[in-house]
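Data first, discussion second: the structure below is written as structure tokens.
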Protein chains: 4
Amino acid sequence: MRFCSDNAASVCPEVMAAIADANRVDTAYDGDALSKQLDGAFSDLFGTQVAALWVASGTAANALALAAMCPPHGAVVCHRDAHIQNDECGAPEFYTHGAKLFLAEGEGAKLTAAAAAELLAGVRNDVHQTQPAAISITNATEYGLAYTPDEVAAIGEVARARKLGFHMDGARFANAVAHIGCAPAEVTWRTGVDALSFGFIKNGGMFAEMLIFFRPDLAEATRYRRKRAGHLLSKGRFAAAQVLAMLEDDLWLRNGRAANAGAAQLAQAAGARLIHPVQGNEVFLLVSPAEAAALRAQGFDFYDWGPGEARLVVSWNQPAEEIAALAAAIAAL
Amino acid sequence: MRFCSDNAASVCPEVMAAIADANRVDTAYDGDALSKQLDGAFSDLFGTQVAALWVASGTAANALALAAMCPPHGAVVCHRDAHIQNDECGAPEFYTHGAKLFLAEGEGAKLTAAAAAELLAGVRNDVHQTQPAAISITNATEYGLAYTPDEVAAIGEVARARKLGFHMDGARFANAVAHIGCAPAEVTWRTGVDALSFGFIKNGGMFAEMLIFFRPDLAEATRYRRKRAGHLLSKGRFAAAQVLAMLEDDLWLRNGRAANAGAAQLAQAAGARLIHPVQGNEVFLLVSPAEAAALRAQGFDFYDWGPGEARLVVSWNQPAEEIAALAAAIAAL
Amino acid sequence: MRFCSDNAASVCPEVMAAIADANRVDTAYDGDALSKQLDGAFSDLFGTQVAALWVASGTAANALALAAMCPPHGAVVCHRDAHIQNDECGAPEFYTHGAKLFLAEGEGAKLTAAAAAELLAGVRNDVHQTQPAAISITNATEYGLAYTPDEVAAIGEVARARKLGFHMDGARFANAVAHIGCAPAEVTWRTGVDALSFGFIKNGGMFAEMLIFFRPDLAEATRYRRKRAGHLLSKGRFAAAQVLAMLEDDLWLRNGRAANAGAAQLAQAAGARLIHPVQGNEVFLLVSPAEAAALRAQGFDFYDWGPGEARLVVSWNQPAEEIAALAAAIAAL
Amino acid sequence: MRFCSDNAASVCPEVMAAIADANRVDTAYDGDALSKQLDGAFSDLFGTQVAALWVASGTAANALALAAMCPPHGAVVCHRDAHIQNDECGAPEFYTHGAKLFLAEGEGAKLTAAAAAELLAGVRNDVHQTQPAAISITNATEYGLAYTPDEVAAIGEVARARKLGFHMDGARFANAVAHIGCAPAEVTWRTGVDALSFGFIKNGGMFAEMLIFFRPDLAEATRYRRKRAGHLLSKGRFAAAQVLAMLEDDLWLRNGRAANAGAAQLAQAAGARLIHPVQGNEVFLLVSPAEAAALRAQGFDFYDWGPGEARLVVSWNQPAEEIAALAAAIAAL
């Protein structure tokens, strides 16, 4: 029973079916009928005109978004625990050609507007210091917290005041939106976000993430960068197909809700062991090494997340009996 | 009836089935059971120990291979018509951090050992000139020619004498091997090739190309570069599955032969119109604009390839009746 | 008697004196009184508002200029024999983060508008091909030819039509202007040039070259790139001092004329041996290996420049007797 | 009376004289007689075989050193207050093509071995995290502290254990060595340092800093990188001349001692106002805005260095009366 990562989950049947349906000859790259529907489909979802590009990984989506906003001699403000800082082997630096990440603090990997503003205030405006060009947040955060529209708006205001780009790493955007219960627009462009890495792979997709530009002009150079990075897939219709399938009848949101519900069940069992509130599909809890071993002995796989801490991730289709069993096991510790 | 590009072809049933079979939870990235089989499977195929990495595009495979061989201040010798020069929007420059491509001549986009040696002889060995670090050839070439083992060996000798890396862009490696009829080893490591971009997508795959290092030590830094470029897919098992399916019973070779046979049929019809010998699945022929229009009026899609020239590409599963119809139409021009 | 390179010449007395005069405490970097005069001094010289930045080498000036005009995924059109292609170890690729150089032809390393236009016409406008963003010419060329205002204007027109930046590598700008006899404006901004690498080091300076932006907005990001490249010297007043000394009473032009006159004297002696017309301070001539050896035996140092060819460079203060002796020796061959 | 920065100081007479002496024709770049003496001169100074390259700025020296040790996908461990992090506009990221700086803590900008080890222990050894490749320290630190040989050795040990390169930014190396009173070897290669940016400009030089490789093999690729960055000056003999003049009779050390003595005099006057011990030529002291204004009203120029803090820097030739006057003014606050 694996609670290691939603990254390792299976692909949902609607996506598999859409891939099978797409198996016919069509124009290569993103000239096919399906890829051409993406701008429209995401513009509808967000209620504004967007440019929507598929790429093969969230790392590529994040790095391309940052490269669209930040010159090589610029900097991106993000949380110290951000995925772009710790888990992408320097992809932002690669795609931006050497921009810096400026690291700010915040509970549960959540960047606060105040922390961002304080960091920015400390940067001298001269050629000796790398000048900030963008802010990036992860929603849901690396510790499973969802930003409220007000929180996003406050950061958006900081970005606007300094003319910085604003990027959201939404590897688990579905989980965040499912938790907040707002329209996707409310935590993105309406509150200042310029570009969103909209994750589908952890949520039931196979190999397609979307890079959504709420300022469509940012997409122009990005199309060259995408090709140049080897992310303009030649049979792109299979990427488009899976994303369109996820949008159909809000499958992405239903999958997000399902995973969140499982995590909530674990959270209830965990009680005082919880390190962070559970607002998505991730549960961080205090467990001694002996307790962790005991859980593993019962067949539960998961990652240690620092000394005395464990991370449990519930996938979109995690079997109910696995969740119930783990909840019981935690409660029984 | 599309003869534009094998890039746009459908995915072969064995690959679709393998993808469906892979749809279970497994370790993320390349830690899954299927990805772990790749080194072994390709070592068997080539009869030597290799390191085998999947990536999502041939552009990424090529650029990662070159980055493994060439420092930022180095140069790669290739043909003036090479895909890496003309069709990858500077991916080699991106991944190598600014290496140069030195362009040599040769009939039909085929680099000759003599042309490479002559170019190399003209480079001063001082810090003012970019120093060559690698040679890259495309096999089959951009004009559909296959290198013989002797031709590869002659270039390999030039590379060895200057201590250069030797890369083969095998986007259509299957077609080349099918034409030459040799063991894959004979046109790769046995004749000096250090790294091969082994193409599967044009040949019936969906989104997986293989980067094969015949010097496995080159793979080490490449694993970091792959992650950093966003090409370490989180559900990598689906990439591995399709490649393993293509290796099974030499499906890759059978598909290559099928496409070649179709092209041969067109070549026969084309006769004196042929611009290059047909040794793979591509046919370049002389057609006036009026003739091209006539073919298109009969329902054949293809690309113009310079003034008075057209390119026809036969895919692995191009229907026999389409090929026959096109052959007849060409003969009737 | 050295005719190898003006690069190796001594520094002219006015520059030495200016450096000595600048030896007092002043604000660091480019905040000193002398550096602050540069924008004004060069705006006066060119008769238009410019931004003028010192750097420590012509390579840095060229590469910074190109980086200001060309994105990482862009290309710069230049002559096949351009210094930026052959003699800067990939500096343009380093500073632009991997842009390509597209190489055009032309007699005597002189790019023609027609050659540039033809090259540009051959570039497909799609994301697979690197898109041209700038044109760069060298004036005087690597073979010592000076562009007329009409020739520059024709290329400027090609650049304007494609919205490309236009850069002039003026490592020997003084020699070119001295030959043409026009105002500096006539072969720069009035004929479409956006940025000029204005060389002083070969012409009597010590370690300062100027990067002149005729579109001053291009200077903004360049100030960061200059710092980032380590070219914002901390005692920049010594760089500014030498350049200001060179502008005083048109010393730069007088030095250029002096060198040109010496080269003209050699050219007259060379007669039919000349490979290119002599329009600056460089003389390329046909000499057999035996003849070259004979000249060297008489104490003349110079570079071979291809088989059967030699390059002679006359410096701003080349002694008259050395020039006369070499002229006589050439005539006597 | 300027106590802003030694960067703005005048050039010492021996250097001016050496520059004047070097004003003759010699081979360009680093092929001249003076540049060729550098390897030997610095090998003598350090008592081991080194490779010694001049560059035009400390930023270039630091960035080239790091690029020699750290791949684009690697990281450099340094102090949070390091010059390479805060004051070089991302030069390390530019030259390394996007390596990260990992920031550690330590009193007075001094990195401790323990802090470095702790940071390193927190890095997962997988392809998702940027892997450390080097450690860099500044000696004297950005707050004017000098490392003892034992302190350097402890960090050297940490580097050795992880096979990391070890770089020392010695912009004020003279001040550090003057304070510690050891042989230069004791705080460099004997205690594990692989490369030293040996500063001369702040200490009486004009435009030459030295990059010293104690592992001479690291110099090889650096020669190409230096050219590519535009730091291979064409009249390099003037750079070599000033450095050789500084080595003569240990002028560099005498200048360092002189500046240190002035700072010590200020420190004595400052007493409890000192924020850090004074071990070089920099004095950081607590002063209220009113007090700072009072000092400025008396004609003393200096930088504020955070709220309620000021930095005073004494140059190699700061007049004794200026120092005495400032000391008195501080004492009188």
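Identifiers for the structure tokens are assigned positionally: chains receive A, B, ... in sequence, residues are indexed from 1 per chain, and ligands are indexed from 1 in the order shown.
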
For D:Glu321, please output as a ChimeraX atom specification all residues within 10 Å (counting only C-alpha atoms; exclusion window: fewer than 5 positions along the same chain). /D:1,326-327

Show me, as number ranges by chain, the residues of chain D whose atoms get within 9 Å of chain B, using only C-alpha atoms for the distance check. D: 72-73, 97, 126-130, 221, 223-228

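Closest approach to D:Ala91 among D:Cys182, D:Ala229, D:Ala320, D:Ala140 is made by D:Ala229 (distances from only C-alpha atoms).
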
Would you pick out the contacts of D:Ala51 at 7 Å or less, using only C-alpha atoms, so that residues sharing its chain but fewer than 3 positions from it are not included, and give the list as JSON, numbers by chain? {"D": [39, 212, 213, 214, 216, 219]}

Store the residues of this selection in a file with N, CA, C and O atoms, as a short mmCIF file (atom, residue, chain, number, x, y, z; two decimals), in the first residue's frame.
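Output file part39.cif follows:
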data_model
loop_
_atom_site.label_atom_id
_atom_site.label_comp_id
_atom_site.auth_asym_id
_atom_site.auth_seq_id
_atom_site.Cartn_x
_atom_site.Cartn_y
_atom_site.Cartn_z
N ASP D 39 53.60 32.71 -13.53
CA ASP D 39 53.56 31.37 -12.93
C ASP D 39 54.75 31.19 -11.97
O ASP D 39 54.59 30.70 -10.84
N ILE D 212 44.83 32.37 -8.93
CA ILE D 212 45.91 31.42 -8.66
C ILE D 212 45.32 30.03 -8.49
O ILE D 212 44.47 29.81 -7.62
N PHE D 213 45.75 29.12 -9.32
CA PHE D 213 45.31 27.72 -9.20
C PHE D 213 46.42 26.91 -8.55
O PHE D 213 47.51 26.78 -9.11
N PHE D 214 46.13 26.37 -7.38
CA PHE D 214 47.09 25.49 -6.73
C PHE D 214 47.02 24.08 -7.33
O PHE D 214 47.90 23.27 -7.07
N PRO D 216 47.20 23.18 -10.86
CA PRO D 216 47.39 23.85 -12.16
C PRO D 216 46.54 23.27 -13.29
O PRO D 216 46.24 23.96 -14.27
N ALA D 219 43.62 25.20 -14.57
CA ALA D 219 43.81 26.39 -15.41
C ALA D 219 43.51 26.14 -16.87
O ALA D 219 43.21 27.07 -17.62
#

Stretch 42-129 of chain D: residues DSSP assigns to strand (DSSP E or B), reported as a VMD selection string: chain D and resid 51 to 55 74 to 79 100 to 104

Can you spit out the residues from that selection as an mmCIF file, in the first residue's frame, using C-alpha atoms?
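Generated file (again.cif):
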data_model
loop_
_atom_site.group_PDB
_atom_site.id
_atom_site.type_symbol
_atom_site.label_atom_id
_atom_site.label_comp_id
_atom_site.auth_asym_id
_atom_site.auth_seq_id
_atom_site.Cartn_x
_atom_site.Cartn_y
_atom_site.Cartn_z
ATOM 1 C CA ALA D 51 49.130 28.493 -12.512
ATOM 2 C CA ALA D 52 48.617 32.247 -12.310
ATOM 3 C CA LEU D 53 46.245 34.149 -14.607
ATOM 4 C CA TRP D 54 45.486 37.850 -14.574
ATOM 5 C CA VAL D 55 41.965 39.142 -15.071
ATOM 6 C CA GLY D 74 26.309 21.805 -9.176
ATOM 7 C CA ALA D 75 26.321 24.094 -6.169
ATOM 8 C CA VAL D 76 28.836 26.196 -4.285
ATOM 9 C CA VAL D 77 28.637 26.424 -0.508
ATOM 10 C CA CYS D 78 29.366 29.910 0.783
ATOM 11 C CA HIS D 79 28.407 32.283 3.552
ATOM 12 C CA LYS D 100 23.473 27.399 -7.239
ATOM 13 C CA LEU D 101 24.979 29.061 -4.208
ATOM 14 C CA PHE D 102 24.079 27.281 -0.973
ATOM 15 C CA LEU D 103 24.147 29.775 1.868
ATOM 16 C CA ALA D 104 25.509 28.955 5.309
#
